[in-house]
file query.pdb (PDB, C-alpha atoms)
ATOM      1  CA  MET A   1      24.627   5.889   8.249  1.00  0.00           C
ATOM      2  CA  VAL A   2      23.584   3.462   5.530  1.00  0.00           C
ATOM      3  CA  THR A   3      23.780  -0.140   6.606  1.00  0.00           C
ATOM      4  CA  ALA A   4      23.450  -3.265   4.506  1.00  0.00           C
ATOM      5  CA  SER A   5      19.907  -3.864   5.808  1.00  0.00           C
ATOM      6  CA  THR A   6      18.910  -0.254   5.086  1.00  0.00           C
ATOM      7  CA  GLN A   7      20.294  -0.580   1.567  1.00  0.00           C
ATOM      8  CA  LEU A   8      18.463  -3.885   1.075  1.00  0.00           C
ATOM      9  CA  THR A   9      15.196  -2.392   2.331  1.00  0.00           C
ATOM     10  CA  THR A  10      15.578   0.601   0.013  1.00  0.00           C
ATOM     11  CA  GLU A  11      16.349  -1.622  -2.965  1.00  0.00           C
ATOM     12  CA  ARG A  12      13.459  -3.944  -2.089  1.00  0.00           C
ATOM     13  CA  LEU A  13      11.039  -1.040  -1.977  1.00  0.00           C
ATOM     14  CA  SER A  14      12.208   0.436  -5.255  1.00  0.00           C
ATOM     15  CA  MET A  15      12.330  -2.872  -7.121  1.00  0.00           C
ATOM     16  CA  ALA A  16       9.960  -5.321  -5.458  1.00  0.00           C
ATOM     17  CA  ALA A  17       7.153  -3.192  -4.044  1.00  0.00           C
ATOM     18  CA  THR A  18       6.320  -0.825  -6.826  1.00  0.00           C
ATOM     19  CA  LYS A  19       4.002   1.863  -5.612  1.00  0.00           C
ATOM     20  CA  GLU A  20       2.080   3.386  -8.424  1.00  0.00           C
ATOM     21  CA  LYS A  21      -0.204   6.342  -8.536  1.00  0.00           C
ATOM     22  CA  ALA A  22      -3.145   5.350 -10.676  1.00  0.00           C
ATOM     23  CA  LYS A  23      -3.801   7.360 -13.814  1.00  0.00           C
ATOM     24  CA  GLU A  24      -7.217   5.786 -14.205  1.00  0.00           C
ATOM     25  CA  LYS A  25      -9.363   4.587 -11.347  1.00  0.00           C
ATOM     26  CA  VAL A  26      -9.193   0.800 -10.983  1.00  0.00           C
ATOM     27  CA  LEU A  27     -10.854   0.287  -7.609  1.00  0.00           C
ATOM     28  CA  THR A  28     -14.616   0.725  -7.419  1.00  0.00           C
ATOM     29  CA  ALA A  29     -17.097   1.564  -4.684  1.00  0.00           C
ATOM     30  CA  HIS A  30     -17.553  -2.195  -4.245  1.00  0.00           C
ATOM     31  CA  ASP A  31     -13.906  -2.618  -3.121  1.00  0.00           C
ATOM     32  CA  ARG A  32     -13.851  -2.422   0.666  1.00  0.00           C
ATOM     33  CA  CYS A  33     -11.173  -1.913   3.325  1.00  0.00           C
ATOM     34  CA  ASP A  34     -10.194  -5.202   4.954  1.00  0.00           C
ATOM     35  CA  SER A  35      -9.867  -3.409   8.309  1.00  0.00           C
ATOM     36  CA  CYS A  36     -13.133  -1.500   8.583  1.00  0.00           C
ATOM     37  CA  GLY A  37     -15.290  -2.041   5.504  1.00  0.00           C
ATOM     38  CA  ALA A  38     -15.057   1.539   4.201  1.00  0.00           C
ATOM     39  CA  GLN A  39     -14.362   2.172   0.523  1.00  0.00           C
ATOM     40  CA  ALA A  40     -10.868   0.998  -0.408  1.00  0.00           C
ATOM     41  CA  TYR A  41      -8.476   3.396  -2.111  1.00  0.00           C
ATOM     42  CA  VAL A  42      -5.323   1.276  -1.775  1.00  0.00           C
ATOM     43  CA  LYS A  43      -4.790  -2.268  -3.037  1.00  0.00           C
ATOM     44  CA  VAL A  44      -1.695  -4.106  -1.835  1.00  0.00           C
ATOM     45  CA  SER A  45      -0.717  -7.186  -3.826  1.00  0.00           C
ATOM     46  CA  GLY A  46       1.487  -9.457  -1.804  1.00  0.00           C
ATOM     47  CA  VAL A  47       3.176 -12.799  -1.716  1.00  0.00           C
ATOM     48  CA  SER A  48       0.091 -14.576  -0.368  1.00  0.00           C
ATOM     49  CA  GLY A  49      -2.818 -12.521  -1.724  1.00  0.00           C
ATOM     50  CA  GLU A  50      -4.278  -9.029  -1.782  1.00  0.00           C
ATOM     51  CA  LEU A  51      -5.196  -6.555   0.918  1.00  0.00           C
ATOM     52  CA  MET A  52      -7.421  -3.523   0.479  1.00  0.00           C
ATOM     53  CA  PHE A  53      -7.344  -0.439   2.681  1.00  0.00           C
ATOM     54  CA  CYS A  54      -9.180   2.832   3.112  1.00  0.00           C
ATOM     55  CA  SER A  55      -6.982   5.915   3.236  1.00  0.00           C
ATOM     56  CA  HIS A  56      -7.116   6.052   7.049  1.00  0.00           C
ATOM     57  CA  HIS A  57      -5.974   2.475   7.664  1.00  0.00           C
ATOM     58  CA  PHE A  58      -3.249   2.507   4.988  1.00  0.00           C
ATOM     59  CA  SER A  59      -1.833   5.735   6.457  1.00  0.00           C
ATOM     60  CA  LYS A  60      -2.028   4.241   9.954  1.00  0.00           C
ATOM     61  CA  ILE A  61      -0.092   1.130   8.881  1.00  0.00           C
ATOM     62  CA  MET A  62       2.560   3.082   7.007  1.00  0.00           C
ATOM     63  CA  GLY A  63       3.001   5.410  10.007  1.00  0.00           C
ATOM     64  CA  ASP A  64       3.762   2.535  12.396  1.00  0.00           C
ATOM     65  CA  GLY A  65       7.331   1.213  12.205  1.00  0.00           C
ATOM     66  CA  LYS A  66       6.610  -2.475  12.802  1.00  0.00           C
ATOM     67  CA  ALA A  67       3.473  -2.513  10.652  1.00  0.00           C
ATOM     68  CA  LYS A  68       5.281  -0.711   7.819  1.00  0.00           C
ATOM     69  CA  GLU A  69       8.112  -3.239   7.976  1.00  0.00           C
ATOM     70  CA  ALA A  70       5.632  -6.124   7.793  1.00  0.00           C
ATOM     71  CA  MET A  71       3.886  -4.467   4.828  1.00  0.00           C
ATOM     72  CA  GLU A  72       7.210  -4.018   3.044  1.00  0.00           C
ATOM     73  CA  LYS A  73       7.958  -7.720   3.471  1.00  0.00           C
ATOM     74  CA  PHE A  74       4.504  -8.708   2.202  1.00  0.00           C
ATOM     75  CA  ALA A  75       3.958  -6.325  -0.715  1.00  0.00           C
ATOM     76  CA  TYR A  76       5.285  -6.499  -4.221  1.00  0.00           C
ATOM     77  CA  GLU A  77       2.853  -3.926  -5.652  1.00  0.00           C
ATOM     78  CA  ILE A  78       0.826  -1.125  -4.106  1.00  0.00           C
ATOM     79  CA  LEU A  79      -1.913   0.578  -6.094  1.00  0.00           C
ATOM     80  CA  ASP A  80      -2.610   3.908  -4.405  1.00  0.00           C
ATOM     81  CA  GLU A  81      -5.738   5.736  -5.574  1.00  0.00           C
ATOM     82  CA  ARG A  82      -6.034   8.144  -2.651  1.00  0.00           C
ATOM     83  CA  ASP A  83      -5.585  11.070  -5.065  1.00  0.00           C
ATOM     84  CA  PHE A  84      -9.051  10.229  -6.440  1.00  0.00           C
ATOM     85  CA  ILE A  85     -10.735  10.938  -3.086  1.00  0.00           C
ATOM     86  CA  TYR A  86     -11.063  14.654  -3.816  1.00  0.00           C
ATOM     87  CA  ASP A  87     -11.514  14.366  -7.612  1.00  0.00           C
ATOM     88  CA  GLN A  88     -15.219  13.611  -7.423  1.00  0.00           C
TER      89      GLN A  88
END
call {"tool": "encode", "arguments": {"input": "query.pdb", "output": "C-alpha coordinates"}}
result
Amino acid sequence: MVTASTQLTTERLSMAATKEKAKEKVLTAHDRCDSCGAQAYVKVSGVSGELMFCSHHFSKIMGDGKAKEAMEKFAYEILDERDFIYDQ
(Lines of atoms letter the chains of each structure in order from A and count residues from 1; the text may use other names and numbers.)
(Lines give C-alpha, C1' and ligand atoms only; values in the text may rest on other atoms or scores of the structure.)
Protein backbone atom coordinates (compact mmCIF):
# COMPACT_ATOMS: atom_id res chain seq x y z
CA MET A 1 0.00 0.00 0.00
CA VAL A 2 1.39 3.39 -0.98
CA THR A 3 0.76 6.05 1.60
CA ALA A 4 1.29 9.79 1.33
CA SER A 5 4.47 9.57 3.45
CA THR A 6 5.81 6.70 1.33
CA GLN A 7 5.12 8.70 -1.82
CA LEU A 8 6.80 11.78 -0.32
CA THR A 9 9.85 9.75 0.72
CA THR A 10 10.12 8.23 -2.76
CA GLU A 11 9.80 11.62 -4.42
CA ARG A 12 12.31 13.15 -2.00
CA LEU A 13 14.84 10.45 -2.78
CA SER A 14 14.43 10.75 -6.53
CA MET A 15 14.46 14.55 -6.59
CA ALA A 16 16.30 15.83 -3.54
CA ALA A 17 18.91 13.18 -2.76
CA THR A 18 20.42 12.39 -6.09
CA LYS A 19 22.62 9.37 -5.85
CA GLU A 20 25.15 9.29 -8.59
CA LYS A 21 27.60 6.66 -9.62
CA ALA A 22 30.83 8.44 -10.40
CA LYS A 23 32.21 8.13 -13.91
CA GLU A 24 35.53 9.58 -12.81
CA LYS A 25 37.00 9.20 -9.36
CA VAL A 26 36.51 12.37 -7.30
CA LEU A 27 37.45 11.16 -3.82
CA THR A 28 41.12 10.55 -3.11
CA ALA A 29 43.07 8.43 -0.65
CA HIS A 30 43.19 11.51 1.59
CA ASP A 31 39.38 11.48 2.01
CA ARG A 32 38.60 9.52 5.16
CA CYS A 33 35.49 7.90 6.67
CA ASP A 34 34.01 10.06 9.42
CA SER A 35 33.15 6.91 11.39
CA CYS A 36 36.42 4.98 11.38
CA GLY A 37 39.09 6.84 9.43
CA ALA A 38 39.35 4.31 6.58
CA GLN A 39 39.42 5.52 2.98
CA ALA A 40 36.11 7.12 2.03
CA TYR A 41 34.25 5.91 -1.05
CA VAL A 42 30.97 7.73 -0.39
CA LYS A 43 30.46 11.46 0.08
CA VAL A 44 27.08 12.62 1.36
CA SER A 45 26.31 16.31 0.90
CA GLY A 46 23.61 17.43 3.26
CA VAL A 47 21.73 20.39 4.57
CA SER A 48 24.37 21.20 7.18
CA GLY A 49 27.61 19.93 5.64
CA GLU A 50 29.28 16.83 4.24
CA LEU A 51 29.81 13.35 5.58
CA MET A 52 32.27 10.81 4.22
CA PHE A 53 31.97 7.05 4.65
CA CYS A 54 33.89 3.90 3.85
CA SER A 55 31.91 1.21 2.06
CA HIS A 56 31.31 -0.72 5.30
CA HIS A 57 29.84 2.18 7.28
CA PHE A 58 27.70 3.51 4.42
CA SER A 59 26.24 0.03 3.87
CA LYS A 60 25.65 -0.32 7.62
CA ILE A 61 23.76 3.00 7.77
CA MET A 62 21.66 2.26 4.71
CA GLY A 63 20.79 -1.19 6.10
CA ASP A 64 19.40 0.23 9.35
CA GLY A 65 15.86 1.61 9.09
CA LYS A 66 16.21 4.55 11.48
CA ALA A 67 19.69 5.49 10.29
CA LYS A 68 18.59 5.31 6.64
CA GLU A 69 15.63 7.56 7.40
CA ALA A 70 17.90 10.10 9.10
CA MET A 71 20.30 9.98 6.12
CA GLU A 72 17.42 10.55 3.71
CA LYS A 73 16.37 13.64 5.67
CA PHE A 74 19.93 14.98 5.74
CA ALA A 75 21.19 14.25 2.22
CA TYR A 76 20.56 16.11 -0.98
CA GLU A 77 23.38 14.44 -2.92
CA ILE A 78 25.25 11.17 -2.51
CA LEU A 79 28.42 10.51 -4.46
CA ASP A 80 28.99 6.75 -4.44
CA GLU A 81 32.40 5.59 -5.67
CA ARG A 82 32.28 2.07 -4.24
CA ASP A 83 32.49 0.66 -7.78
CA PHE A 84 36.10 1.92 -7.86
CA ILE A 85 37.14 -0.35 -4.98
CA TYR A 86 37.85 -3.28 -7.29
CA ASP A 87 39.01 -1.25 -10.32
CA GLN A 88 42.55 -0.81 -9.06
call {"tool": "atom_distance", "arguments": {"input": "query.pdb", "atom1": "CA of Cys33 (chain A)", "atom2": "CA of Ser48 (chain A)"}}
result
17.3 Å
call {"tool": "atom_distance", "arguments": {"input": "query.pdb", "atom1": "CA of Val44 (chain A)", "atom2": "CA of Tyr86 (chain A)"}}
result
21.1 Å
call {"tool": "atom_distance", "arguments": {"input": "query.pdb", "atom1": "CA of Phe58 (chain A)", "atom2": "CA of Asp34 (chain A)"}}
result
10.4 Å
call {"tool": "closest_residue", "arguments": {"input": "query.pdb", "among": "A:Leu51, A:Ala70, A:Ala40, A:Ala29", "to": "Arg82 (chain A)", "atoms": "only C-alpha atoms"}}
result
A:Ala40
call {"tool": "residues_around", "arguments": {"input": "query.pdb", "residues": "Ala75 (chain A)", "least_positions_apart": "4", "cutoff": "7 Å", "atoms": "only C-alpha atoms", "output": "list in words"}}
result
Ala17, Val44, Ser45, Gly46, Val47 and Met71 of chain A
call {"tool": "closest_residue", "arguments": {"input": "query.pdb", "among": "A:Gly49, A:Cys54, A:Gly37, A:Ser59", "to": "Phe74 (chain A)", "atoms": "only C-alpha atoms"}}
result
A:Gly49
call {"tool": "resolve_selection", "arguments": {"input": "query.pdb", "expression": "the PyMOL selection byres ((chain A and resi 43) around 7)", "output": "PDB file with C-alpha atoms, keeping the file's coordinate frame"}}
result
ATOM      1  CA  TYR A  41      -8.476   3.396  -2.111  1.00  0.00           C
ATOM      2  CA  VAL A  42      -5.323   1.276  -1.775  1.00  0.00           C
ATOM      3  CA  VAL A  44      -1.695  -4.106  -1.835  1.00  0.00           C
ATOM      4  CA  SER A  45      -0.717  -7.186  -3.826  1.00  0.00           C
ATOM      5  CA  GLU A  50      -4.278  -9.029  -1.782  1.00  0.00           C
ATOM      6  CA  LEU A  51      -5.196  -6.555   0.918  1.00  0.00           C
ATOM      7  CA  MET A  52      -7.421  -3.523   0.479  1.00  0.00           C
ATOM      8  CA  PHE A  53      -7.344  -0.439   2.681  1.00  0.00           C
ATOM      9  CA  ILE A  78       0.826  -1.125  -4.106  1.00  0.00           C
ATOM     10  CA  LEU A  79      -1.913   0.578  -6.094  1.00  0.00           C
ATOM     11  CA  ASP A  80      -2.610   3.908  -4.405  1.00  0.00           C
TER      12      ASP A  80
END
call {"tool": "axis_aligned_box", "arguments": {"input": "query.pdb", "around": "region 55-68 of chain A", "padding_each_side": "5 Å", "output": "JSON"}}
result
{"center_x": 0.1, "center_y": 1.8, "center_z": 8.0, "size_x": 24.4, "size_y": 18.6, "size_z": 19.6}
call {"tool": "residues_around", "arguments": {"input": "query.pdb", "residues": "Glu81 (chain A)", "least_positions_apart": "3", "cutoff": "9 Å", "atoms": "only C-alpha atoms", "output": "PyMOL selection string"}}
result
chain A and resi 20-27+40-43+55+84-85
